[in-house]
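J.: Here you go, one structure.
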Protein chains: 2
Amino acid sequence: MRILLVEDEPEMAGALSGALKGYDMVVDHVLTLAQAEEAISADVHRAVLLDRQLPDGDGLGLIPKLRARADGIPIIVLTARGELADRIAGLDHGADDYLAKPFAVEELLARLRAVLRRPAGLQCDLLRVGRLAFDCAHREASVEGRTLELPRRELLVLETLLRRMGRTVLRSSLEEAVYNFDDEIQSNALDTHVSRLRRKLAEVQAGVEIHGIRGVGYLLKQAQ
Amino acid sequence: MRILLVEDEPEMAGALSGALKGYDMVVDHVLTLAQAEEAISADVHRAVLLDRQLPDGDGLGLIPKLRARADGIPIIVLTARGELADRIAGLDHGADDYLAKPFAVEELLARLRAVLRRPAGLQCDLLRVGRLAFDCAHREASVEGRTLELPRRELLVLETLLRRMGRTVLRSSLEEAVYNFDDEIQSNALDTHVSRLRRKLAEVQAGVEIHGIRGVGYLLKQAQ
DNA sequence: GACCGTACATTGCGGCTGCATTGCGGAGCG
DNA sequence: CGCTCCGCAATGCAGCCGCAATGTACGGTC
């Protein structure tokens with residue numbers, strides 16, 4: 001675990017470095033905002049401990065630049081200015097946490113652990129075929145990031161076919177997926193939905209084909 | 001933005017509920033760990049405010065169960081036990097932040113904003129579509145620097161749509177985001193809010209359109 | 001290979017459902 | 001006591017969806 005410490009006071013920096021090393025962390029210590037920017041560009045740190053009062057400006061100024069990298073690196077601001085307004089300002093500038101000096105090193109370590117524990121990223125289940133993507137959680141289809149506005153029945157058909165993509169879906173299975181017990185279908189309503197869906201997928205060049213299999217059902221596969 | 005508040009002291013709970021509502025949030029308030037578990041299973045909250053001293057045990061016991069869900073929902077622990085060891089214990093149990101009573105509500109709100117920003121890092125603090133800007137930290141919408149004064153429900157609708165801008169939001173998701181368990185909606189109240197919001201966005205030429213997708217939900221996109 | 005029956009594909013049409021909009025009254029708040 | 005916000009209900013309307021008619025492809029049979 002490699003940490004970037006931005007702190008110009010030698011005494012504080014020494015104490016923190018020692019404590020962090022005692023917890024098996026690797027500390028890069030810089031004294032100024034300029035050095036901090038250079039260090040962070042190496043992209044090797046898992047967190048930043050940031051003092052506010054630095055020789056070349058307020059540490060808060062660094063936060064937007066860190067956030068611009070969009071890697072979500074945690075930032076804990078350390079400062080002698082512990083007034084309520086300062087704490088709120090620090091948090092609202094984008095810091096993940098804010099500690100007023102003096103503080104116990106143990107608390108800093110605990111907050112550091114808390115901030116590092118955050119999930120790396122939530123993985124949503126996303127089905128992909130051709131240029132088509134289907135977000136199962138939100139039940140929406142998209143092509144190249146552009147959402148397809150599909151009516152309910154067509155969406156149900158597409159979802160069912162996608163979940164069994166590349167394999168045949170019995171006509172009866174499709175009907176069960178699209179209609180409930182109350183709905184009584186006496187015609188080829190399902191076929192019309194498939195047809196309309198095919199047209200829309202073709203219009204946006206989704207890169208998928210829905211094959212009808214005579215006497216059995218349907219099958220969705222990548223084009224060609 | 002919907003928050004789960006786990007707090008058995010009526011006074012504290014009332015104060016927090018009021019403050020959060022003042023910041024246009026939807027609050028579900030429960031009194032016990034058991035109720036909290038049930039509420040969280042609905043999977044509609046963006047954050048949890050957790051008291052430690054509860055009728056059926058220490059609030060910290062809830063944290064592992066929340067973490068087991070692996071959705072990374074932020075947890076802020078609130079407690080009268082403000083000793084250093086307690087704070088460290090709280091953070092190491094998996095809390096994202098820890099506040100000792102008494103605390104200023106403003107600081108809680110700031111810390112809440114900070115932890116809510118997190119799954120972000122990817123999602124910036126300022127959302128933009130068309131001429132519309134939305135400041136996630138302060139939860140206010142503006143057009144060309146001019147703030148839109150929107151009522152609570154409309155703001156919640158707008159925020160929810162903006163967070164999934166360009167993608168469909170299920171009608172049920174919207175309802176969950178805008179109303180809490182206590183609210184009982186029997187009519188098309190949601191539609192009226194969408195409608196009024198549309199009108200206001202059009203009046204200021206926000207450059208966004210809210211599409212209704214029949215039978216599915218809504219979708220916010222840039223005009224044209 | 002020609003023929004025919006059947007199942008699927010496609011398209012137009014009308015009913016109906018579900019959404020959009022508006023006015024109204026009550027509730028909350030200052 | 002004024003205000004605004006909010007839920008509710010009524011009305012109008014658009015688009016979905018089921019239906020049926022027509023066209024088409026497939027497969028089986030001779």
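Residues are named by chain letter and number: chains run A, B, ... in the order of the structure tokens, numbers start at 1 in each chain, and ligands are numbered from 1 in the order shown.
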Identify all chain B residues at most 8 Å from chain C by counting only C-alpha atoms (C1' of nucleotides); ligands do not count. Present them as a list in words.

T.: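 Applying the cut-off to the listed atoms yields Asp191, Thr192, Ser195, Gly212, Arg214 and Gly215 of chain B.
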
J.: For chain A fitted to chain B over all Cα atoms in order, what RMSD does a least-squares superposition give?

T.: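 Computed value for the CA RMSD is 20.3 Å.
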
J.: Near chain B, meaning an atom within 6 Å, which residues of chain A appear when counting only C-alpha atoms? Write them as a ChimeraX atom specification.

T.: /A:70,72,88,91,96,107,110,114,119,147,152

J.: How would the residues just chosen look if you wrote them out with N, CA, C and O atoms as a short mmCIF file (atom, residue, chain, number, x, y, z; two decimals), in the first residue's frame?

T.:
data_model
loop_
_atom_site.label_atom_id
_atom_site.label_comp_id
_atom_site.auth_asym_id
_atom_site.auth_seq_id
_atom_site.Cartn_x
_atom_site.Cartn_y
_atom_site.Cartn_z
N ALA A 70 -10.22 11.01 -12.28
CA ALA A 70 -11.37 10.10 -12.28
C ALA A 70 -11.02 8.68 -11.89
O ALA A 70 -11.66 7.74 -12.31
N GLY A 72 -10.80 8.03 -8.67
CA GLY A 72 -11.44 7.91 -7.36
C GLY A 72 -10.48 7.68 -6.22
O GLY A 72 -10.84 7.09 -5.20
N ILE A 88 -16.45 21.61 6.78
CA ILE A 88 -17.46 21.48 5.73
C ILE A 88 -16.88 21.87 4.37
O ILE A 88 -17.10 21.20 3.36
N LEU A 91 -14.72 19.01 3.03
CA LEU A 91 -15.49 17.88 2.51
C LEU A 91 -16.16 18.24 1.20
O LEU A 91 -16.20 17.46 0.26
N ASP A 96 -12.44 13.08 0.91
CA ASP A 96 -13.22 11.95 1.41
C ASP A 96 -13.33 12.01 2.92
O ASP A 96 -14.26 11.45 3.50
N GLU A 107 -6.43 7.34 14.93
CA GLU A 107 -7.68 7.70 14.25
C GLU A 107 -7.43 7.93 12.78
O GLU A 107 -8.23 7.52 11.93
N ALA A 110 -7.30 4.62 11.18
CA ALA A 110 -8.62 4.01 11.08
C ALA A 110 -9.41 4.63 9.93
O ALA A 110 -10.05 3.94 9.15
N ALA A 114 -10.81 2.98 6.50
CA ALA A 114 -12.21 3.09 6.11
C ALA A 114 -12.33 3.54 4.66
O ALA A 114 -13.12 3.02 3.87
N PRO A 119 -15.55 0.11 -2.20
CA PRO A 119 -15.53 -0.83 -3.32
C PRO A 119 -14.86 -0.23 -4.54
O PRO A 119 -14.99 0.95 -4.82
N THR A 147 -29.56 4.69 -25.84
CA THR A 147 -30.64 3.85 -25.34
C THR A 147 -31.72 3.61 -26.39
O THR A 147 -32.09 4.53 -27.11
N ARG A 152 -43.00 -2.11 -23.89
CA ARG A 152 -42.85 -3.16 -22.89
C ARG A 152 -42.75 -4.56 -23.50
O ARG A 152 -41.87 -5.33 -23.17
#

J.: Taking only C-alpha atoms (C1' of nucleotides) into account, which of D:DA14, D:DC8, D:DC1, D:DC30 comes nearest chain B?

T.: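 Checking each of D:DA14, D:DC8, D:DC1, D:DC30 against chain B, counting only C-alpha atoms (C1' of nucleotides), the winner is D:DC8.
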
J.: Each residue of chain D lying at most 8 Å from chain A should get a row with its shortest atom-to-atom pair and the distance in Å to one decimal, counting only C-alpha atoms (C1' of nucleotides); could you produce that, ordered by chain and increasing number, as CSV?

T.:
residue,atom,partner,partner_atom,distance
D:DC16,C1',A:Pro151,CA,7.3
D:DC17,C1',A:Ala189,CA,7.8
D:DG18,C1',A:Ala189,CA,5.9
D:DC19,C1',A:Ser187,CA,6.6
D:DC26,C1',A:Arg214,CA,7.8

J.: Go ahead and write the residues just picked, all heavy atoms, as an mmCIF file, in the first residue's frame.

T.:
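So the final result, stored in out.cif, reads:
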data_model
loop_
_atom_site.group_PDB
_atom_site.id
_atom_site.type_symbol
_atom_site.label_atom_id
_atom_site.label_comp_id
_atom_site.auth_asym_id
_atom_site.auth_seq_id
_atom_site.Cartn_x
_atom_site.Cartn_y
_atom_site.Cartn_z
ATOM 1 P P DC D 16 -45.339 3.153 -28.937
ATOM 2 O OP1 DC D 16 -44.048 3.575 -28.377
ATOM 3 O OP2 DC D 16 -45.486 2.974 -30.394
ATOM 4 O "O5'" DC D 16 -45.807 1.858 -28.169
ATOM 5 C "C5'" DC D 16 -46.283 1.995 -26.834
ATOM 6 C "C4'" DC D 16 -47.365 0.973 -26.570
ATOM 7 O "O4'" DC D 16 -48.612 1.363 -27.197
ATOM 8 C "C3'" DC D 16 -47.057 -0.431 -27.083
ATOM 9 O "O3'" DC D 16 -47.400 -1.345 -26.076
ATOM 10 C "C2'" DC D 16 -47.969 -0.572 -28.314
ATOM 11 C "C1'" DC D 16 -49.164 0.269 -27.894
ATOM 12 N N1 DC D 16 -49.973 0.828 -29.007
ATOM 13 C C2 DC D 16 -51.364 0.661 -29.016
ATOM 14 O O2 DC D 16 -51.887 0.026 -28.099
ATOM 15 N N3 DC D 16 -52.077 1.209 -30.021
ATOM 16 C C4 DC D 16 -51.487 1.889 -30.988
ATOM 17 N N4 DC D 16 -52.235 2.416 -31.946
ATOM 18 C C5 DC D 16 -50.064 2.069 -31.001
ATOM 19 C C6 DC D 16 -49.352 1.525 -30.003
ATOM 20 P P DC D 17 -46.800 -2.779 -26.035
ATOM 21 O OP1 DC D 17 -46.409 -3.032 -24.644
ATOM 22 O OP2 DC D 17 -45.835 -2.901 -27.135
ATOM 23 O "O5'" DC D 17 -48.061 -3.676 -26.372
ATOM 24 C "C5'" DC D 17 -49.310 -3.366 -25.771
ATOM 25 C "C4'" DC D 17 -50.416 -4.038 -26.523
ATOM 26 O "O4'" DC D 17 -50.840 -3.196 -27.616
ATOM 27 C "C3'" DC D 17 -50.019 -5.364 -27.152
ATOM 28 O "O3'" DC D 17 -51.032 -6.298 -26.914
ATOM 29 C "C2'" DC D 17 -49.894 -5.041 -28.624
ATOM 30 C "C1'" DC D 17 -50.979 -3.984 -28.770
ATOM 31 N N1 DC D 17 -50.831 -3.111 -29.965
ATOM 32 C C2 DC D 17 -51.981 -2.559 -30.548
ATOM 33 O O2 DC D 17 -53.079 -2.819 -30.049
ATOM 34 N N3 DC D 17 -51.845 -1.762 -31.638
ATOM 35 C C4 DC D 17 -50.631 -1.508 -32.127
ATOM 36 N N4 DC D 17 -50.556 -0.712 -33.188
ATOM 37 C C5 DC D 17 -49.451 -2.065 -31.548
ATOM 38 C C6 DC D 17 -49.594 -2.855 -30.477
ATOM 39 P P DG D 18 -50.589 -7.828 -26.803
ATOM 40 O OP1 DG D 18 -50.451 -8.177 -25.371
ATOM 41 O OP2 DG D 18 -49.499 -8.081 -27.759
ATOM 42 O "O5'" DG D 18 -51.909 -8.523 -27.348
ATOM 43 C "C5'" DG D 18 -53.164 -8.068 -26.889
ATOM 44 C "C4'" DG D 18 -54.155 -8.034 -28.028
ATOM 45 O "O4'" DG D 18 -53.772 -6.988 -28.957
ATOM 46 C "C3'" DG D 18 -54.250 -9.328 -28.852
ATOM 47 O "O3'" DG D 18 -55.610 -9.698 -28.961
ATOM 48 C "C2'" DG D 18 -53.650 -8.959 -30.204
ATOM 49 C "C1'" DG D 18 -53.927 -7.468 -30.280
ATOM 50 N N9 DG D 18 -52.984 -6.725 -31.113
ATOM 51 C C8 DG D 18 -51.613 -6.755 -31.035
ATOM 52 N N7 DG D 18 -51.036 -5.977 -31.909
ATOM 53 C C5 DG D 18 -52.076 -5.392 -32.614
ATOM 54 C C6 DG D 18 -52.058 -4.469 -33.676
ATOM 55 O O6 DG D 18 -51.080 -3.957 -34.235
ATOM 56 N N1 DG D 18 -53.346 -4.144 -34.100
ATOM 57 C C2 DG D 18 -54.500 -4.652 -33.554
ATOM 58 N N2 DG D 18 -55.650 -4.222 -34.084
ATOM 59 N N3 DG D 18 -54.538 -5.514 -32.555
ATOM 60 C C4 DG D 18 -53.291 -5.843 -32.135
ATOM 61 P P DC D 19 -55.984 -11.162 -29.486
ATOM 62 O OP1 DC D 19 -57.160 -11.586 -28.707
ATOM 63 O OP2 DC D 19 -54.773 -11.995 -29.549
ATOM 64 O "O5'" DC D 19 -56.454 -10.876 -30.968
ATOM 65 C "C5'" DC D 19 -57.437 -9.873 -31.219
ATOM 66 C "C4'" DC D 19 -57.454 -9.498 -32.678
ATOM 67 O "O4'" DC D 19 -56.287 -8.713 -32.984
ATOM 68 C "C3'" DC D 19 -57.426 -10.673 -33.647
ATOM 69 O "O3'" DC D 19 -58.708 -10.794 -34.247
ATOM 70 C "C2'" DC D 19 -56.358 -10.304 -34.684
ATOM 71 C "C1'" DC D 19 -56.061 -8.845 -34.376
ATOM 72 N N1 DC D 19 -54.654 -8.437 -34.635
ATOM 73 C C2 DC D 19 -54.381 -7.553 -35.685
ATOM 74 O O2 DC D 19 -55.315 -7.137 -36.378
ATOM 75 N N3 DC D 19 -53.097 -7.172 -35.920
ATOM 76 C C4 DC D 19 -52.118 -7.640 -35.141
ATOM 77 N N4 DC D 19 -50.879 -7.234 -35.389
ATOM 78 C C5 DC D 19 -52.377 -8.540 -34.059
ATOM 79 C C6 DC D 19 -53.647 -8.911 -33.846
ATOM 80 P P DC D 26 -36.375 -20.055 -46.347
ATOM 81 O OP1 DC D 26 -35.329 -19.310 -45.650
ATOM 82 O OP2 DC D 26 -36.232 -20.399 -47.782
ATOM 83 O "O5'" DC D 26 -36.658 -21.377 -45.536
ATOM 84 C "C5'" DC D 26 -37.518 -21.325 -44.398
ATOM 85 C "C4'" DC D 26 -38.410 -22.548 -44.384
ATOM 86 O "O4'" DC D 26 -39.549 -22.349 -45.249
ATOM 87 C "C3'" DC D 26 -37.727 -23.830 -44.865
ATOM 88 O "O3'" DC D 26 -37.671 -24.739 -43.789
ATOM 89 C "C2'" DC D 26 -38.619 -24.331 -46.001
ATOM 90 C "C1'" DC D 26 -39.940 -23.623 -45.711
ATOM 91 N N1 DC D 26 -40.807 -23.438 -46.907
ATOM 92 C C2 DC D 26 -42.093 -23.984 -46.894
ATOM 93 O O2 DC D 26 -42.480 -24.616 -45.896
ATOM 94 N N3 DC D 26 -42.903 -23.820 -47.977
ATOM 95 C C4 DC D 26 -42.451 -23.126 -49.026
ATOM 96 N N4 DC D 26 -43.274 -22.968 -50.072
ATOM 97 C C5 DC D 26 -41.145 -22.560 -49.056
ATOM 98 C C6 DC D 26 -40.366 -22.733 -47.998
#

J.: Could you go through stretch 3-183 of chain A and tell me which residues DSSP, when run on the backbone, assigns to helix (DSSP H, G or I), listing them as a ChimeraX atom specification?

T.: /A:10-22,33-41,59-68,84-92,105-116,152-163,171-178

J.: By how many Å are atom CA of B:Ser142 and atom CA of B:Ala206 apart?

T.: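 Here the two named atoms are 8.7 Å from each other.
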
J.: List every residue of chain B that DSSP, applied to the backbone of this structure, assigns to strand (DSSP E), and report them as a ChimeraX atom specification.

T.: /B:2-6,26-30,47-51,53-54,57-58,75-79,97-100,126-129,132-135,140-143,146-147,168-170,208-213,217-222

J.: Residues near B:Asp183, anyone? I mean within 12 Å using only C-alpha atoms (C1' of nucleotides), not counting same-chain ones fewer than 5 positions away, as a VMD selection string.

T.: (chain B and resid 26 to 28 175 to 178 189) or (chain D and resid 6 to 7)

J.: Can you work out the spacing between atom CA of A:Gly61 and atom CA of B:Asp135 in Å, to one decimal?

T.: 18.5 Å

J.: So which residues touch A:Leu148 within 9 Å, counting only C-alpha atoms (C1' of nucleotides), skipping near sequence neighbours fewer than 2 positions away, as an mmCIF file with N, CA and C atoms, in the first residue's frame?

T.:
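The resulting file, out27.cif, is shown below:
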data_model
loop_
_atom_site.group_PDB
_atom_site.id
_atom_site.type_symbol
_atom_site.label_atom_id
_atom_site.label_comp_id
_atom_site.auth_asym_id
_atom_site.auth_seq_id
_atom_site.Cartn_x
_atom_site.Cartn_y
_atom_site.Cartn_z
ATOM 1 N N GLU A 140 -32.818 -2.226 -19.715
ATOM 2 C CA GLU A 140 -32.808 -1.344 -20.874
ATOM 3 C C GLU A 140 -31.775 -1.827 -21.874
ATOM 4 N N ALA A 141 -32.109 -1.640 -23.134
ATOM 5 C CA ALA A 141 -31.200 -2.014 -24.205
ATOM 6 C C ALA A 141 -30.568 -0.763 -24.788
ATOM 7 N N SER A 142 -29.322 -0.893 -25.225
ATOM 8 C CA SER A 142 -28.661 0.264 -25.817
ATOM 9 C C SER A 142 -27.705 -0.206 -26.907
ATOM 10 N N VAL A 143 -27.449 0.697 -27.838
ATOM 11 C CA VAL A 143 -26.489 0.441 -28.900
ATOM 12 C C VAL A 143 -25.486 1.578 -28.907
ATOM 13 N N ARG A 146 -26.318 4.511 -26.882
ATOM 14 C CA ARG A 146 -27.600 5.169 -27.139
ATOM 15 C C ARG A 146 -28.737 4.221 -26.764
ATOM 16 N N LEU A 150 -37.827 1.061 -26.215
ATOM 17 C CA LEU A 150 -38.681 -0.028 -26.681
ATOM 18 C C LEU A 150 -39.911 -0.140 -25.807
ATOM 19 N N LYS A 200 -36.700 -2.521 -35.549
ATOM 20 C CA LYS A 200 -36.000 -1.500 -34.752
ATOM 21 C C LYS A 200 -34.528 -1.841 -34.567
ATOM 22 N N LEU A 201 -34.246 -3.126 -34.364
ATOM 23 C CA LEU A 201 -32.841 -3.523 -34.208
ATOM 24 C C LEU A 201 -32.079 -3.269 -35.495
ATOM 25 N N VAL A 204 -31.166 0.563 -36.067
ATOM 26 C CA VAL A 204 -29.998 1.077 -35.344
ATOM 27 C C VAL A 204 -28.776 0.211 -35.596
ATOM 28 N N ARG B 167 -30.445 7.337 -19.954
ATOM 29 C CA ARG B 167 -30.852 5.942 -19.834
ATOM 30 C C ARG B 167 -32.229 5.891 -19.188
ATOM 31 N N THR B 168 -32.923 4.806 -19.411
ATOM 32 C CA THR B 168 -34.282 4.718 -18.885
ATOM 33 C C THR B 168 -34.266 4.520 -17.378
#

J.: Between atom CA of B:Val44 and atom CA of B:Arg67, what is the distance in Å, rounded to a tenth?

T.: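 Atom CA of B:Val44 sits 15.3 Å away from atom CA of B:Arg67.
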
J.: Could you check which of A:Glu159, A:Glu83, A:Glu154, A:Asp24 is closest to A:Lys101, using only C-alpha atoms?

T.: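 Of A:Glu159, A:Glu83, A:Glu154, A:Asp24, the one nearest A:Lys101, counting only C-alpha atoms, is A:Glu83.
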